[in-house]
file model13.tsv (TSV, C-alpha atoms and all ligand atoms)
chain	number	residue	atom	x	y	z
C	258	MET	CA	-50.87	15.17	-10.39
C	259	THR	CA	-54.00	15.26	-8.24
C	260	ASP	CA	-56.13	12.23	-7.26
C	261	LEU	CA	-58.10	12.54	-10.47
C	262	SER	CA	-55.00	11.60	-12.45
C	263	GLU	CA	-55.76	8.07	-11.23
C	264	LYS	CA	-58.87	8.35	-13.36
C	265	ILE	CA	-57.88	10.84	-16.07
C	266	LYS	CA	-54.96	9.74	-18.14
C	267	GLY	CA	-55.75	10.98	-21.64
C	268	PHE	CA	-56.05	14.45	-23.16
C	269	VAL	CA	-57.70	14.71	-26.56
C	270	PHE	CA	-57.41	18.02	-28.40
C	271	ASN	CA	-59.29	19.34	-31.37
C	272	LEU	CA	-56.92	21.31	-33.62
C	273	ASP	CA	-58.73	24.19	-35.31
C	274	GLY	CA	-59.62	26.86	-32.72
C	275	VAL	CA	-58.04	24.95	-29.83
C	276	ILE	CA	-54.36	24.55	-30.69
C	277	VAL	CA	-54.11	27.00	-33.59
C	278	ASP	CA	-56.39	29.56	-35.22
C	279	THR	CA	-56.80	28.07	-38.68
C	280	ALA	CA	-60.34	29.45	-38.91
C	281	LYS	CA	-58.94	32.67	-40.36
C	282	TYR	CA	-57.27	30.75	-43.20
C	283	HIS	CA	-60.38	28.68	-43.87
C	284	TYR	CA	-62.29	31.97	-44.02
C	285	ILE	CA	-59.85	33.57	-46.50
C	286	ALA	CA	-60.14	30.55	-48.81
C	287	TRP	CA	-63.94	30.18	-48.50
C	288	ARG	CA	-64.34	33.93	-48.94
C	289	ARG	CA	-62.32	33.86	-52.17
C	290	LEU	CA	-64.62	31.11	-53.42
C	291	ALA	CA	-67.76	32.96	-52.28
C	292	ASP	CA	-66.52	36.11	-54.06
C	293	GLU	CA	-66.00	34.18	-57.30
C	294	MET	CA	-69.57	32.91	-57.01
C	295	GLY	CA	-71.03	36.27	-56.04
C	296	VAL	CA	-72.16	35.05	-52.62
C	297	ASP	CA	-72.14	37.52	-49.74
C	298	PHE	CA	-70.05	35.93	-46.96
C	299	PRO	CA	-69.32	38.29	-44.02
C	300	PRO	CA	-66.88	37.08	-41.32
C	301	GLU	CA	-69.61	36.48	-38.70
C	302	GLN	CA	-71.24	33.98	-41.05
C	303	HIS	CA	-68.06	31.88	-40.98
C	304	ASP	CA	-68.72	30.94	-37.36
C	305	LYS	CA	-71.59	28.80	-38.62
C	306	LEU	CA	-69.10	26.60	-40.48
C	307	ARG	CA	-67.13	25.69	-37.35
C	308	SER	CA	-66.55	21.93	-37.20
C	309	LEU	CA	-68.40	21.26	-40.45
C	310	SER	CA	-66.64	19.13	-43.05
C	311	ARG	CA	-65.27	20.68	-46.25
C	312	MET	CA	-68.26	19.52	-48.29
C	313	GLU	CA	-70.81	20.54	-45.64
C	314	SER	CA	-69.20	24.01	-45.56
C	315	LEU	CA	-69.42	24.36	-49.33
C	316	GLU	CA	-73.06	23.24	-49.27
C	317	LYS	CA	-73.85	25.91	-46.65
C	318	ILE	CA	-72.25	28.64	-48.78
C	319	LEU	CA	-74.21	27.48	-51.82
C	320	GLU	CA	-77.39	27.47	-49.75
C	321	TRP	CA	-76.74	31.03	-48.50
C	322	GLY	CA	-76.19	32.17	-52.10
C	323	GLY	CA	-79.23	30.23	-53.38
C	324	LEU	CA	-76.92	28.40	-55.81
C	325	TYR	CA	-77.09	24.87	-57.20
C	326	MET	CA	-74.16	22.67	-58.19
C	327	THR	CA	-73.85	19.11	-59.44
C	328	GLU	CA	-71.85	16.69	-57.26
C	329	ALA	CA	-68.95	16.87	-59.75
C	330	GLU	CA	-68.93	20.69	-59.58
C	331	LYS	CA	-68.99	20.57	-55.78
C	332	LEU	CA	-66.01	18.22	-55.74
C	333	HIS	CA	-64.15	20.50	-58.14
C	334	TRP	CA	-64.77	23.69	-56.10
C	335	ALA	CA	-64.06	21.99	-52.77
C	336	ASP	CA	-60.73	21.01	-54.29
C	337	VAL	CA	-60.04	24.53	-55.51
C	338	LYS	CA	-60.76	25.91	-52.02
C	339	ASN	CA	-58.54	23.26	-50.48
C	340	ASN	CA	-55.63	24.22	-52.74
C	341	TRP	CA	-55.95	27.86	-51.68
C	342	TYR	CA	-56.17	26.78	-48.02
C	343	GLN	CA	-53.11	24.55	-48.33
C	344	GLY	CA	-51.15	27.47	-49.81
C	345	LEU	CA	-51.99	29.51	-46.70
C	346	ILE	CA	-51.22	26.89	-44.03
C	347	ALA	CA	-47.92	26.00	-45.70
C	348	ASN	CA	-46.72	29.42	-44.51
C	349	MET	CA	-47.93	29.07	-40.92
C	350	LYS	CA	-45.26	29.63	-38.27
C	351	PRO	CA	-44.64	28.01	-34.85
C	352	GLU	CA	-45.50	31.41	-33.30
C	353	GLU	CA	-49.09	30.84	-34.42
C	354	VAL	CA	-49.67	28.13	-31.83
C	355	LEU	CA	-52.26	29.71	-29.52
C	356	PRO	CA	-51.03	31.27	-26.25
C	357	GLY	CA	-50.42	28.85	-23.39
C	358	VAL	CA	-50.85	25.70	-25.51
C	359	LEU	CA	-47.20	24.59	-25.46
C	360	PRO	CA	-46.70	25.01	-21.68
C	361	PHE	CA	-49.97	23.14	-21.09
C	362	LEU	CA	-48.98	20.27	-23.41
C	363	ASP	CA	-45.57	20.12	-21.71
C	364	GLU	CA	-47.21	19.98	-18.30
C	365	VAL	CA	-49.56	17.19	-19.37
C	366	ARG	CA	-46.75	15.13	-20.85
C	367	ASN	CA	-44.38	15.72	-17.94
C	368	SER	CA	-47.13	14.52	-15.61
C	369	GLY	CA	-47.45	11.26	-17.52
C	370	GLY	CA	-50.64	12.17	-19.39
C	371	ARG	CA	-51.16	10.77	-22.87
C	372	THR	CA	-52.05	13.21	-25.63
C	373	ALA	CA	-54.07	12.83	-28.80
C	374	LEU	CA	-54.97	15.24	-31.54
C	375	SER	CA	-58.32	14.55	-33.15
C	376	SER	CA	-59.23	16.81	-36.04
C	377	ALA	CA	-61.92	16.73	-38.71
C	378	SER	CA	-59.41	18.37	-41.04
C	379	ARG	CA	-57.60	16.31	-43.65
C	380	ASN	CA	-54.92	19.00	-43.48
C	381	ALA	CA	-54.14	18.44	-39.80
C	382	TRP	CA	-50.69	16.96	-40.46
C	383	ALA	CA	-49.72	19.91	-42.67
C	384	VAL	CA	-50.71	22.35	-39.90
C	385	LEU	CA	-48.76	20.37	-37.29
C	386	LYS	CA	-45.75	20.34	-39.59
C	387	SER	CA	-45.79	24.11	-40.29
C	388	THR	CA	-46.17	24.90	-36.60
C	389	ARG	CA	-43.69	22.16	-35.52
C	390	LEU	CA	-46.16	20.44	-33.24
C	391	GLU	CA	-45.86	16.87	-34.52
C	392	SER	CA	-43.92	15.56	-31.53
C	393	TYR	CA	-46.36	16.87	-28.91
C	394	PHE	CA	-48.98	14.17	-29.52
C	395	ASP	CA	-48.81	10.44	-28.87
C	396	VAL	CA	-51.56	9.94	-31.40
C	397	VAL	CA	-52.74	12.07	-34.34
C	398	LEU	CA	-56.04	11.40	-36.08
C	399	ASP	CA	-56.90	13.64	-39.00
C	400	GLY	CA	-60.10	13.99	-41.01
C	401	SER	CA	-59.48	10.74	-42.83
C	402	ALA	CA	-59.78	8.69	-39.62
C	403	ALA	CA	-63.47	8.97	-38.76
C	404	ARG	CA	-66.24	8.17	-41.19
C	405	LYS	CA	-69.04	9.81	-39.21
C	406	ALA	CA	-69.09	13.59	-38.72
C	407	LYS	CA	-69.57	15.32	-35.35
C	408	PRO	CA	-71.77	15.26	-33.32
C	409	HIS	CA	-71.10	11.55	-33.79
C	410	PRO	CA	-68.32	10.81	-31.30
C	411	GLU	CA	-66.38	8.47	-33.62
C	412	CYS	CA	-63.33	10.77	-33.95
C	413	PHE	CA	-62.92	10.98	-30.18
C	414	LEU	CA	-63.68	7.30	-29.60
C	415	LEU	CA	-60.94	6.39	-32.10
C	416	ALA	CA	-58.53	8.71	-30.27
C	417	ALA	CA	-59.31	7.12	-26.89
C	418	ALA	CA	-58.93	3.63	-28.36
C	419	SER	CA	-55.57	4.60	-29.88
C	420	LEU	CA	-54.43	5.82	-26.47
C	421	GLN	CA	-55.75	2.52	-25.04
C	422	LEU	CA	-58.02	4.40	-22.66
C	423	ALA	CA	-61.75	4.48	-21.97
C	424	PRO	CA	-63.61	7.74	-22.79
C	425	ALA	CA	-64.21	8.36	-19.07
C	426	GLU	CA	-60.42	8.38	-18.58
C	427	CYS	CA	-60.00	11.22	-21.11
C	428	ILE	CA	-60.72	14.94	-21.28
C	429	VAL	CA	-61.68	16.32	-24.69
C	430	PHE	CA	-60.79	19.95	-25.43
C	431	ASP	CA	-63.03	21.46	-28.12
C	432	ASP	CA	-64.17	24.95	-29.08
C	433	ALA	CA	-67.29	24.09	-31.08
C	434	VAL	CA	-70.83	23.17	-30.07
C	435	LEU	CA	-70.76	20.09	-32.31
C	436	GLY	CA	-67.45	18.90	-30.86
C	437	VAL	CA	-68.56	19.38	-27.26
C	438	ARG	CA	-71.77	17.51	-28.04
C	439	ALA	CA	-69.82	14.68	-29.67
C	440	ALA	CA	-67.58	14.37	-26.60
C	441	ARG	CA	-70.59	14.28	-24.30
C	442	ILE	CA	-72.34	11.61	-26.38
C	443	GLY	CA	-69.10	9.61	-26.31
C	444	GLY	CA	-68.89	9.69	-22.50
C	445	PHE	CA	-65.79	11.91	-22.22
C	446	HIS	CA	-64.99	14.65	-19.77
C	447	ILE	CA	-65.19	17.93	-21.67
C	448	VAL	CA	-63.42	21.24	-21.40
C	449	GLY	CA	-64.83	23.82	-23.80
C	450	ILE	CA	-62.61	26.55	-25.21
C	451	GLY	CA	-64.47	29.83	-25.64
C	452	LYS	CA	-67.41	31.39	-23.83
C	453	PRO	CA	-69.57	29.41	-21.35
C	454	GLU	CA	-72.81	30.73	-22.90
C	455	HIS	CA	-71.83	29.19	-26.25
C	456	LEU	CA	-70.86	25.79	-24.87
C	457	PRO	CA	-73.48	24.79	-22.28
C	458	ASP	CA	-72.71	21.06	-22.66
C	459	ALA	CA	-69.11	21.41	-21.48
C	460	GLU	CA	-68.21	20.53	-17.86
C	461	LEU	CA	-65.83	23.47	-17.75
C	462	VAL	CA	-65.23	26.32	-20.21
C	463	ILE	CA	-61.97	28.25	-20.37
C	464	PRO	CA	-61.15	31.17	-22.69
C	465	GLY	CA	-57.91	29.51	-23.80
C	466	PHE	CA	-54.75	27.98	-22.35
C	467	THR	CA	-53.07	31.18	-21.13
C	468	ASP	CA	-52.06	30.58	-17.48
C	469	CYS	CA	-53.98	27.31	-17.55
C	470	ARG	CA	-52.66	24.83	-14.97
C	471	LEU	CA	-53.29	21.13	-15.29
C	472	SER	CA	-54.09	20.80	-11.58
C	473	ASP	CA	-56.86	23.44	-11.90
C	474	ILE	CA	-58.39	21.68	-14.89
C	475	LEU	CA	-58.32	18.31	-13.13
C	476	GLU	CA	-59.79	19.79	-9.97
C	477	SER	CA	-62.65	21.51	-11.81
C	478	VAL	CA	-63.46	18.47	-13.91
C	479	GLU	CA	-63.40	16.30	-10.79
C	480	LYS	CA	-65.83	18.65	-9.04
C	481	MET	CA	-68.20	18.63	-12.01
C	482	ALA	CA	-68.00	14.83	-12.26
C	483	THR	CA	-68.95	14.57	-8.58
C	484	VAL	CA	-71.83	17.04	-8.98
C	485	GLY	CA	-73.00	15.46	-12.23
T	501	LIG	C1	-62.33	21.41	-39.06
T	501	LIG	C2	-62.64	22.88	-39.25
T	501	LIG	C3	-63.63	23.08	-40.36
T	501	LIG	C4	-63.14	22.38	-41.64
T	501	LIG	C5	-62.94	20.88	-41.36
T	501	LIG	C6	-62.39	20.15	-42.58
T	501	LIG	O1	-63.42	20.79	-38.47
T	501	LIG	O2	-63.18	23.43	-38.03
T	501	LIG	O3	-63.79	24.46	-40.60
T	501	LIG	O4	-64.09	22.54	-42.68
T	501	LIG	O5	-62.00	20.77	-40.30
T	501	LIG	O6	-61.11	20.68	-42.87
T	501	LIG	P1	-60.29	20.39	-44.20
T	501	LIG	O7	-58.93	21.00	-43.91
T	501	LIG	O8	-60.19	18.89	-44.35
T	501	LIG	O9	-60.99	21.03	-45.32
call {"tool": "encode", "arguments": {"input": "model13.tsv", "output": "structure tokens", "more": "lines below"}}
Ligand code: G6P
result
Amino acid sequence: MTDLSEKIKGFVFNLDGVIVDTAKYHYIAWRRLADEMGVDFPPEQHDKLRSLSRMESLEKILEWGGLYMTEAEKLHWADVKNNWYQGLIANMKPEEVLPGVLPFLDEVRNSGGRTALSSASRNAWAVLKSTRLESYFDVVLDGSAARKAKPHPECFLLAAASLQLAPAECIVFDDAVLGVRAARIGGFHIVGIGKPEHLPDAELVIPGFTDCRLSDILESVEKMATVG
């Protein structure tokens, strides 16, 4: 590992959109719900739900459809959506892990880096199980771990604490504006996954993990830390 490995020892990954593409399954389930309610919900609209909790997502859909529900009805429909979603992720396959993720995780672990998965999803364990990823992470925190939603950094702070590292010793990998913001507020190094114009708060943005070398990531983050 490069010199920075003296400083960077932890690697904290968001799940949805970083390790696997579960967004398409969330969309199928939310879309089914929207259809039942007569709410127009085109795919591009789903991007606006990225990183939002289950209940926040439902509230957005209701808002777009100009619909009102009591708290009890919201809980009921959020549950219905979750059952549909769980049916879909139960059939996920290991081949659905995004390109380059496994070699990158192997490289991190072989270099002595500690890995954490920090997801806002309460279904994170089920996804890890279907895609056989459970053993790749030293620590797994699902949506039941943090009480405060992103951009509060609680989920990442808990991950760093579980790895027994300070935020400045960890890189967070996240694909969403809210996640990147949370990592920045928490004092982490941040690698955004996606397009640089969408994630201006990230120190480095990569399109994904294909051909992604740990040494390149560490070098770029080190450069940005020096500049910043
Ligand atoms: C992640 C996803 C969101 C999802 C949230 C809760 O943040 O990006 O789209 O709403 O997790 O997921 P859950 O599986 O608990 O409904």
call {"tool": "atom_distance", "arguments": {"input": "model13.tsv", "atom1": "CA of Arg289 (chain C)", "atom2": "atom C5 of ligand LIG 501 (chain T)"}}
result
16.9 Å
call {"tool": "residues_near_ligand", "arguments": {"input": "model13.tsv", "ligand": "ligand LIG 501 (chain T)", "cutoff": "10 Å", "atoms": "all atoms listed in the file", "output": "ChimeraX atom specification"}}
result
/C:271-275,278-284,287,303-315,335-336,338-340,342-343,346,375-384,399-401,406-407,432-433,435-436
call {"tool": "residues_around", "arguments": {"input": "model13.tsv", "residues": "Val434 (chain C)", "least_positions_apart": "2", "cutoff": "12 Å", "atoms": "all atoms listed in the file", "output": "PyMOL selection string"}}
result
chain C and resi 304-309+407-408+430-432+436-441+447-459+462
call {"tool": "atom_distance", "arguments": {"input": "model13.tsv", "atom1": "CA of Pro410 (chain C)", "atom2": "CA of Asp468 (chain C)"}}
result
29.1 Å
call {"tool": "residues_around", "arguments": {"input": "model13.tsv", "residues": "Glu411 (chain C)", "least_positions_apart": "5", "cutoff": "9 Å", "atoms": "all atoms listed in the file", "output": "PDB file with C-alpha atoms, in the coordinates of the input"}}
result
ATOM      1  CA  ALA C 402     -59.780   8.690 -39.620  1.00  0.00           C
ATOM      2  CA  ALA C 403     -63.470   8.970 -38.760  1.00  0.00           C
ATOM      3  CA  ARG C 404     -66.240   8.170 -41.190  1.00  0.00           C
ATOM      4  CA  LYS C 405     -69.040   9.810 -39.210  1.00  0.00           C
ATOM      5  CA  ALA C 406     -69.090  13.590 -38.720  1.00  0.00           C
ATOM      6  CA  ALA C 416     -58.530   8.710 -30.270  1.00  0.00           C
ATOM      7  CA  ALA C 439     -69.820  14.680 -29.670  1.00  0.00           C
ATOM      8  CA  GLY C 443     -69.100   9.610 -26.310  1.00  0.00           C
TER       9      GLY C 443
END
call {"tool": "atom_distance", "arguments": {"input": "model13.tsv", "atom1": "CA of Pro351 (chain C)", "atom2": "CA of Cys469 (chain C)"}}
result
19.7 Å
call {"tool": "closest_residue", "arguments": {"input": "model13.tsv", "among": "C:Trp334, C:Phe361, C:Phe445, C:Trp341", "to": "Gly267 (chain C)", "atoms": "all atoms listed in the file"}}
result
C:Phe445
call {"tool": "closest_residue", "arguments": {"input": "model13.tsv", "among": "C:Leu385, C:Met481, C:Ile442, C:Ile463", "to": "Val354 (chain C)", "atoms": "all atoms listed in the file"}}
result
C:Leu385
